[in-house]
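Raw entry36.pdb, PDB, C-alpha atoms, pLDDT in the B column:
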ATOM      1  CA  MET A   1       0.000   0.000   0.000  1.00 48.00           C
ATOM      2  CA  ASN A   2       1.332   3.405  -0.942  1.00 49.00           C
ATOM      3  CA  THR A   3       1.344   5.466   2.239  1.00 48.00           C
ATOM      4  CA  GLY A   4       3.020   8.504   0.707  1.00 50.00           C
ATOM      5  CA  VAL A   5       1.519  11.966   0.644  1.00 63.00           C
ATOM      6  CA  ARG A   6       0.488  11.646  -2.995  1.00 82.00           C
ATOM      7  CA  PRO A   7      -0.316   8.771  -5.318  1.00 91.00           C
ATOM      8  CA  ALA A   8       2.638   7.361  -7.197  1.00 93.00           C
ATOM      9  CA  GLU A   9       2.958   8.435 -10.818  1.00 95.00           C
ATOM     10  CA  ILE A  10       3.567   5.304 -12.865  1.00 97.00           C
ATOM     11  CA  LEU A  11       4.017   5.138 -16.620  1.00 98.00           C
ATOM     12  CA  LEU A  12       3.156   1.753 -18.110  1.00 98.00           C
ATOM     13  CA  VAL A  13       4.486   1.232 -21.630  1.00 98.00           C
ATOM     14  CA  GLU A  14       2.484  -1.732 -22.861  1.00 96.00           C
ATOM     15  CA  ASP A  15       0.792  -2.542 -26.166  1.00 95.00           C
ATOM     16  CA  ASN A  16      -1.274  -5.480 -24.882  1.00 94.00           C
ATOM     17  CA  ALA A  17      -4.672  -4.246 -23.644  1.00 96.00           C
ATOM     18  CA  ASP A  18      -5.157  -7.371 -21.493  1.00 93.00           C
ATOM     19  CA  ASP A  19      -1.876  -6.723 -19.664  1.00 94.00           C
ATOM     20  CA  VAL A  20      -2.877  -3.093 -19.102  1.00 96.00           C
ATOM     21  CA  GLU A  21      -6.160  -4.248 -17.559  1.00 96.00           C
ATOM     22  CA  LEU A  22      -4.319  -6.819 -15.406  1.00 94.00           C
ATOM     23  CA  MET A  23      -2.081  -4.024 -14.133  1.00 95.00           C
ATOM     24  CA  ARG A  24      -5.079  -1.836 -13.241  1.00 95.00           C
ATOM     25  CA  ILE A  25      -6.798  -4.704 -11.451  1.00 95.00           C
ATOM     26  CA  SER A  26      -3.576  -5.595  -9.612  1.00 93.00           C
ATOM     27  CA  PHE A  27      -3.153  -2.037  -8.335  1.00 92.00           C
ATOM     28  CA  ASP A  28      -6.766  -2.068  -7.135  1.00 92.00           C
ATOM     29  CA  ARG A  29      -6.409  -5.475  -5.463  1.00 91.00           C
ATOM     30  CA  ASN A  30      -3.222  -4.392  -3.727  1.00 89.00           C
ATOM     31  CA  ARG A  31      -4.828  -1.092  -2.703  1.00 89.00           C
ATOM     32  CA  PHE A  32      -1.901   0.784  -4.137  1.00 88.00           C
ATOM     33  CA  ALA A  33      -2.531   4.492  -4.678  1.00 90.00           C
ATOM     34  CA  ALA A  34      -1.176   5.290  -8.115  1.00 93.00           C
ATOM     35  CA  ASN A  35      -1.953   7.364 -11.140  1.00 95.00           C
ATOM     36  CA  LEU A  36      -1.354   4.813 -13.878  1.00 96.00           C
ATOM     37  CA  HIS A  37      -0.544   6.426 -17.201  1.00 98.00           C
ATOM     38  CA  VAL A  38      -0.472   4.141 -20.230  1.00 98.00           C
ATOM     39  CA  VAL A  39       1.157   4.470 -23.626  1.00 97.00           C
ATOM     40  CA  THR A  40       1.277   1.682 -26.182  1.00 96.00           C
ATOM     41  CA  ASN A  41       4.619   2.195 -27.906  1.00 96.00           C
ATOM     42  CA  GLY A  42       8.078   3.595 -27.387  1.00 96.00           C
ATOM     43  CA  GLU A  43       7.558   6.748 -29.433  1.00 97.00           C
ATOM     44  CA  ASP A  44       4.618   7.754 -27.251  1.00 97.00           C
ATOM     45  CA  CYS A  45       6.659   6.854 -24.172  1.00 98.00           C
ATOM     46  CA  MET A  46       9.388   9.280 -25.173  1.00 98.00           C
ATOM     47  CA  ASP A  47       6.827  11.984 -25.978  1.00 98.00           C
ATOM     48  CA  PHE A  48       5.249  11.440 -22.540  1.00 98.00           C
ATOM     49  CA  LEU A  49       8.614  11.625 -20.776  1.00 98.00           C
ATOM     50  CA  LYS A  50       9.638  14.735 -22.707  1.00 98.00           C
ATOM     51  CA  ARG A  51       6.168  16.262 -22.322  1.00 97.00           C
ATOM     52  CA  GLN A  52       5.639  16.688 -26.035  1.00 97.00           C
ATOM     53  CA  GLY A  53       2.422  16.791 -28.058  1.00 95.00           C
ATOM     54  CA  GLU A  54      -0.642  15.490 -26.240  1.00 95.00           C
ATOM     55  CA  TRP A  55       1.484  14.827 -23.148  1.00 96.00           C
ATOM     56  CA  SER A  56       2.625  18.423 -22.611  1.00 96.00           C
ATOM     57  CA  ALA A  57       1.109  18.387 -19.093  1.00 96.00           C
ATOM     58  CA  ALA A  58       2.258  14.859 -18.199  1.00 97.00           C
ATOM     59  CA  PRO A  59       3.720  14.318 -14.740  1.00 96.00           C
ATOM     60  CA  ARG A  60       7.235  13.004 -14.342  1.00 96.00           C
ATOM     61  CA  PRO A  61       6.856   9.302 -13.540  1.00 96.00           C
ATOM     62  CA  ASP A  62       8.157   7.960 -10.252  1.00 95.00           C
ATOM     63  CA  LEU A  63       8.502   4.589 -11.979  1.00 96.00           C
ATOM     64  CA  LEU A  64       8.442   3.380 -15.565  1.00 98.00           C
ATOM     65  CA  LEU A  65       7.139  -0.132 -16.314  1.00 98.00           C
ATOM     66  CA  LEU A  66       8.440  -1.017 -19.766  1.00 98.00           C
ATOM     67  CA  ASP A  67       7.583  -3.859 -22.122  1.00 96.00           C
ATOM     68  CA  LEU A  68      10.336  -4.785 -24.571  1.00 95.00           C
ATOM     69  CA  ASN A  69       8.360  -5.897 -27.604  1.00 91.00           C
ATOM     70  CA  MET A  70       6.215  -3.084 -28.968  1.00 90.00           C
ATOM     71  CA  PRO A  71       5.462  -1.461 -32.306  1.00 86.00           C
ATOM     72  CA  ARG A  72       7.113   1.679 -33.711  1.00 87.00           C
ATOM     73  CA  MET A  73       9.895   1.849 -31.100  1.00 93.00           C
ATOM     74  CA  ASP A  74      10.583  -1.113 -28.851  1.00 94.00           C
ATOM     75  CA  GLY A  75      11.646  -1.108 -25.219  1.00 95.00           C
ATOM     76  CA  ARG A  76      15.304  -1.563 -26.052  1.00 94.00           C
ATOM     77  CA  GLU A  77      15.264   1.645 -28.089  1.00 96.00           C
ATOM     78  CA  VAL A  78      13.447   3.439 -25.258  1.00 97.00           C
ATOM     79  CA  LEU A  79      16.123   2.343 -22.781  1.00 97.00           C
ATOM     80  CA  GLU A  80      18.829   3.525 -25.186  1.00 96.00           C
ATOM     81  CA  GLN A  81      17.283   6.985 -25.451  1.00 97.00           C
ATOM     82  CA  ILE A  82      16.591   7.339 -21.720  1.00 97.00           C
ATOM     83  CA  VAL A  83      20.082   6.314 -20.605  1.00 95.00           C
ATOM     84  CA  HIS A  84      21.605   9.048 -22.800  1.00 96.00           C
ATOM     85  CA  ASP A  85      19.214  11.800 -21.702  1.00 97.00           C
ATOM     86  CA  PRO A  86      20.420  13.616 -18.562  1.00 95.00           C
ATOM     87  CA  LYS A  87      16.868  14.795 -17.820  1.00 95.00           C
ATOM     88  CA  LEU A  88      15.454  11.272 -17.863  1.00 96.00           C
ATOM     89  CA  CYS A  89      18.262   8.886 -16.921  1.00 95.00           C
ATOM     90  CA  ASP A  90      17.412   8.886 -13.199  1.00 94.00           C
ATOM     91  CA  ILE A  91      13.862   7.549 -13.644  1.00 96.00           C
ATOM     92  CA  PRO A  92      13.687   3.980 -12.286  1.00 96.00           C
ATOM     93  CA  ILE A  93      12.777   1.554 -15.066  1.00 98.00           C
ATOM     94  CA  VAL A  94      11.386  -1.916 -14.514  1.00 98.00           C
ATOM     95  CA  VAL A  95      11.380  -4.011 -17.655  1.00 98.00           C
ATOM     96  CA  LEU A  96       8.206  -6.106 -17.419  1.00 97.00           C
ATOM     97  CA  THR A  97       8.111  -8.459 -20.380  1.00 95.00           C
ATOM     98  CA  THR A  98       7.483 -12.020 -21.520  1.00 94.00           C
ATOM     99  CA  SER A  99      11.035 -12.493 -22.804  1.00 94.00           C
ATOM    100  CA  THR A 100      13.250 -14.887 -20.867  1.00 95.00           C
ATOM    101  CA  ALA A 101      16.031 -14.677 -23.467  1.00 95.00           C
ATOM    102  CA  ASP A 102      19.460 -14.097 -21.955  1.00 97.00           C
ATOM    103  CA  PRO A 103      20.441 -11.558 -24.661  1.00 96.00           C
ATOM    104  CA  ASP A 104      17.328  -9.475 -23.837  1.00 96.00           C
ATOM    105  CA  ILE A 105      18.056  -9.587 -20.115  1.00 97.00           C
ATOM    106  CA  SER A 106      21.722  -8.721 -20.572  1.00 97.00           C
ATOM    107  CA  ALA A 107      20.967  -5.895 -23.017  1.00 96.00           C
ATOM    108  CA  ALA A 108      18.351  -4.373 -20.703  1.00 96.00           C
ATOM    109  CA  TYR A 109      20.780  -4.266 -17.787  1.00 97.00           C
ATOM    110  CA  LYS A 110      23.563  -2.879 -19.988  1.00 96.00           C
ATOM    111  CA  LEU A 111      21.137  -0.086 -20.855  1.00 95.00           C
ATOM    112  CA  ARG A 112      20.677   0.564 -17.132  1.00 94.00           C
ATOM    113  CA  CYS A 113      17.215  -0.819 -16.451  1.00 96.00           C
ATOM    114  CA  SER A 114      16.644  -0.949 -12.696  1.00 96.00           C
ATOM    115  CA  SER A 115      15.002  -4.393 -12.698  1.00 96.00           C
ATOM    116  CA  TYR A 116      14.005  -7.063 -15.192  1.00 98.00           C
ATOM    117  CA  ILE A 117      10.872  -9.060 -14.438  1.00 97.00           C
ATOM    118  CA  VAL A 118       9.246 -11.740 -16.568  1.00 97.00           C
ATOM    119  CA  LYS A 119       5.464 -11.322 -16.711  1.00 94.00           C
ATOM    120  CA  PRO A 120       3.651 -14.253 -15.165  1.00 93.00           C
ATOM    121  CA  VAL A 121       0.772 -15.665 -17.205  1.00 88.00           C
ATOM    122  CA  ASP A 122      -1.278 -16.586 -14.131  1.00 91.00           C
ATOM    123  CA  PHE A 123      -3.476 -13.767 -12.767  1.00 92.00           C
ATOM    124  CA  GLU A 124      -2.718 -14.420  -9.078  1.00 94.00           C
ATOM    125  CA  GLN A 125       1.016 -14.506  -9.762  1.00 95.00           C
ATOM    126  CA  PHE A 126       0.746 -11.334 -11.831  1.00 94.00           C
ATOM    127  CA  THR A 127      -0.959  -9.626  -8.882  1.00 94.00           C
ATOM    128  CA  ARG A 128       1.819 -10.838  -6.543  1.00 95.00           C
ATOM    129  CA  VAL A 129       4.493  -9.531  -8.920  1.00 95.00           C
ATOM    130  CA  VAL A 130       2.827  -6.116  -9.047  1.00 95.00           C
ATOM    131  CA  ARG A 131       2.628  -6.139  -5.239  1.00 95.00           C
ATOM    132  CA  GLY A 132       6.338  -6.942  -5.080  1.00 96.00           C
ATOM    133  CA  ILE A 133       7.180  -4.128  -7.489  1.00 96.00           C
ATOM    134  CA  THR A 134       5.157  -1.555  -5.574  1.00 94.00           C
ATOM    135  CA  ASP A 135       6.359  -2.747  -2.158  1.00 94.00           C
ATOM    136  CA  TYR A 136       9.970  -2.581  -3.282  1.00 95.00           C
ATOM    137  CA  TRP A 137       9.891   0.711  -5.198  1.00 93.00           C
ATOM    138  CA  PHE A 138       7.587   2.633  -2.868  1.00 92.00           C
ATOM    139  CA  SER A 139       8.280   1.123   0.561  1.00 90.00           C
ATOM    140  CA  LEU A 140      11.939   0.039   0.590  1.00 92.00           C
ATOM    141  CA  VAL A 141      13.775   2.114  -2.008  1.00 90.00           C
ATOM    142  CA  VAL A 142      14.629   5.738  -1.428  1.00 87.00           C
ATOM    143  CA  LEU A 143      13.713   7.735  -4.527  1.00 78.00           C
ATOM    144  CA  PRO A 144      14.685  11.340  -5.264  1.00 73.00           C
ATOM    145  CA  THR A 145      12.175  13.787  -3.819  1.00 68.00           C
ATOM    146  CA  SER A 146      12.895  16.566  -6.282  1.00 54.00           C
ATOM    147  CA  ARG A 147      10.422  16.868  -9.125  1.00 51.00           C
ATOM    148  CA  HIS A 148      12.392  17.486 -12.305  1.00 48.00           C
ATOM    149  CA  THR A 149      10.842  19.250 -15.224  1.00 43.00           C
ATOM    150  CA  ALA A 150      11.529  18.417 -18.813  1.00 42.00           C
ATOM    151  CA  GLU A 151      12.271  21.451 -20.934  1.00 41.00           C
TER
END

Translate the structure of the given file into structure tokens.
Amino acid sequence: MNTGVRPAEILLVEDNADDVELMRISFDRNRFAANLHVVTNGEDCMDFLKRQGEWSAAPRPDLLLLDLNMPRMDGREVLEQIVHDPKLCDIPIVVLTTSTADPDISAAYKLRCSSYIVKPVDFEQFTRVVRGITDYWFSLVVLPTSRHTAE
């Protein structure tokens, strides 16, 4: 449960509508206070993070949940852009994907993802994974309190 002063701002980058719904249900079941923002591809993710176009008023995410396999710009390309952007490189990124391939895991960590988690296919396990993510990132980890602004 998020006991902070404000709900967590979480950006979910996911092109599978069923996984988006599972995430929403998991937050509700875990009673985690979050504003869940969803984009379905890497280009929209970068626009959200840089507050461009329709996301000009987007909040800076406290946590980014990133799928690897998406259209237009995949998660690997998103990681590559974020790691080289001084305004974005301190956002914690959890890769949440179906890939168990060692090259994907290694590449994600080389691009400075904070964690790599394989999505469970079972609903109860998915809910437990989301609980673990939120407990870790919002109860145990110390995150920067300053709110950066993208220019």

Skip region 82-84 of chain A itself and residues of its chain fewer than 5 positions away, then list as a list in words all residues within 7 Å of it, counting all atoms listed in the file. Cys89, Leu111 and Arg112 of chain A

How would the residues just picked look written out with C-alpha atoms as a PDB file, keeping the file's coordinate frame?
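The resulting file, out.pdb, is reproduced below:
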ATOM      1  CA  CYS A  89      18.262   8.886 -16.921  1.00 95.00           C
ATOM      2  CA  LEU A 111      21.137  -0.086 -20.855  1.00 95.00           C
ATOM      3  CA  ARG A 112      20.677   0.564 -17.132  1.00 94.00           C
TER       4      ARG A 112
END

CA of Lys119 (chain A) to CA of Glu21 (chain A), distance in Å rounded to a single decimal: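 Computing it gives 13.6 Å between the two atoms.
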
If we count all atoms listed in the file and set the cut-off at 9 Å, which residues sit around region 49-65 of chain A, ignoring sequence neighbours fewer than 5 positions away in its own chain? Please answer as number ranges by chain. A: 8-14, 37, 44, 87-88, 91-96, 137, 143-144, 147-151

Here's the selection I'm unsure about, the PyMOL selection byres ((chain A and resi 23-26) around 10); applied to the file above, which residues does it give, as JSON, numbers by chain? {"A": [12, 17, 18, 19, 20, 21, 22, 27, 28, 29, 30, 31, 32, 34, 35, 36, 123, 124, 126, 127, 128, 129, 130, 131]}

Distance criterion (all atoms listed in the file): nearest to Ser99 (chain A) out of A:Asp67, A:Glu80, A:Asp15, A:Asp122: A:Asp67

Tell me, in Å to one decimal, how far CA of Thr100 (chain A) is from CA of Gly132 (chain A). 19.0 Å

Produce the centre coordinates and the three edge lengths, each in Å to one decimal, of the box along x, y and z that contains all listed atoms of region 122-139 of chain A with 3 Å added on each side, as AutoDock Vina command-line options.
--center_x 3.2 --center_y -7.0 --center_z -6.8 --size_x 19.4 --size_y 25.2 --size_z 20.7

Would you mind reading off the distance between CA of Gln125 (chain A) and CA of Arg6 (chain A), one decimal, in Å? 27.0 Å

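Considering all atoms listed in the file, the residue among A:Asn16, A:Ser115, A:Asn69, A:Ser106 positioned nearest to Gly42 (chain A) is A:Asn69.
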
For Met73 (chain A), the nearest of the candidates A:Thr40, A:Thr98, A:Thr134, A:Ser114, counting all atoms listed in the file: A:Thr40

Quick test: take region 103-126 of chain A, keep N, CA and C atoms, and write it as a compact mmCIF listing (two decimals), in the first residue's frame.
# COMPACT_ATOMS: atom_id res chain seq x y z
N PRO A 103 19.99 -12.80 -24.00
CA PRO A 103 20.44 -11.56 -24.66
C PRO A 103 19.54 -10.36 -24.33
N ASP A 104 18.23 -10.57 -24.21
CA ASP A 104 17.33 -9.47 -23.84
C ASP A 104 17.61 -8.99 -22.42
N ILE A 105 17.80 -9.93 -21.52
CA ILE A 105 18.06 -9.59 -20.11
C ILE A 105 19.37 -8.82 -20.00
N SER A 106 20.40 -9.36 -20.62
CA SER A 106 21.72 -8.72 -20.57
C SER A 106 21.69 -7.32 -21.18
N ALA A 107 21.05 -7.20 -22.34
CA ALA A 107 20.97 -5.89 -23.02
C ALA A 107 20.22 -4.88 -22.17
N ALA A 108 19.14 -5.30 -21.53
CA ALA A 108 18.35 -4.37 -20.70
C ALA A 108 19.19 -3.85 -19.54
N TYR A 109 19.94 -4.72 -18.89
CA TYR A 109 20.78 -4.27 -17.79
C TYR A 109 21.95 -3.40 -18.28
N LYS A 110 22.49 -3.72 -19.44
CA LYS A 110 23.56 -2.88 -19.99
C LYS A 110 23.05 -1.48 -20.29
N LEU A 111 21.75 -1.39 -20.59
CA LEU A 111 21.14 -0.09 -20.85
C LEU A 111 20.56 0.52 -19.58
N ARG A 112 20.97 -0.01 -18.45
CA ARG A 112 20.68 0.56 -17.13
C ARG A 112 19.23 0.44 -16.65
N CYS A 113 18.52 -0.62 -17.07
CA CYS A 113 17.22 -0.82 -16.45
C CYS A 113 17.47 -1.10 -14.97
N SER A 114 16.49 -0.77 -14.14
CA SER A 114 16.64 -0.95 -12.70
C SER A 114 16.33 -2.38 -12.27
N SER A 115 15.41 -3.01 -12.98
CA SER A 115 15.00 -4.39 -12.70
C SER A 115 14.47 -5.01 -13.98
N TYR A 116 14.55 -6.32 -14.06
CA TYR A 116 14.00 -7.06 -15.19
C TYR A 116 13.11 -8.15 -14.62
N ILE A 117 11.84 -8.10 -14.97
CA ILE A 117 10.87 -9.06 -14.44
C ILE A 117 10.11 -9.69 -15.59
N VAL A 118 10.01 -11.02 -15.56
CA VAL A 118 9.25 -11.74 -16.57
C VAL A 118 7.79 -11.77 -16.12
N LYS A 119 6.90 -11.36 -17.02
CA LYS A 119 5.46 -11.32 -16.71
C LYS A 119 4.95 -12.73 -16.50
N PRO A 120 4.30 -12.96 -15.35
CA PRO A 120 3.65 -14.25 -15.17
C PRO A 120 2.38 -14.31 -16.02
N VAL A 121 2.00 -15.52 -16.43
CA VAL A 121 0.77 -15.66 -17.20
C VAL A 121 -0.44 -15.90 -16.31
N ASP A 122 -0.21 -16.33 -15.09
CA ASP A 122 -1.28 -16.59 -14.13
C ASP A 122 -1.68 -15.28 -13.44
N PHE A 123 -2.99 -15.02 -13.33
CA PHE A 123 -3.48 -13.77 -12.77
C PHE A 123 -3.01 -13.56 -11.32
N GLU A 124 -3.12 -14.58 -10.49
CA GLU A 124 -2.72 -14.42 -9.08
C GLU A 124 -1.23 -14.12 -8.97
N GLN A 125 -0.43 -14.78 -9.79
CA GLN A 125 1.02 -14.51 -9.76
C GLN A 125 1.31 -13.11 -10.29
N PHE A 126 0.57 -12.68 -11.30
CA PHE A 126 0.75 -11.33 -11.83
C PHE A 126 0.47 -10.31 -10.74
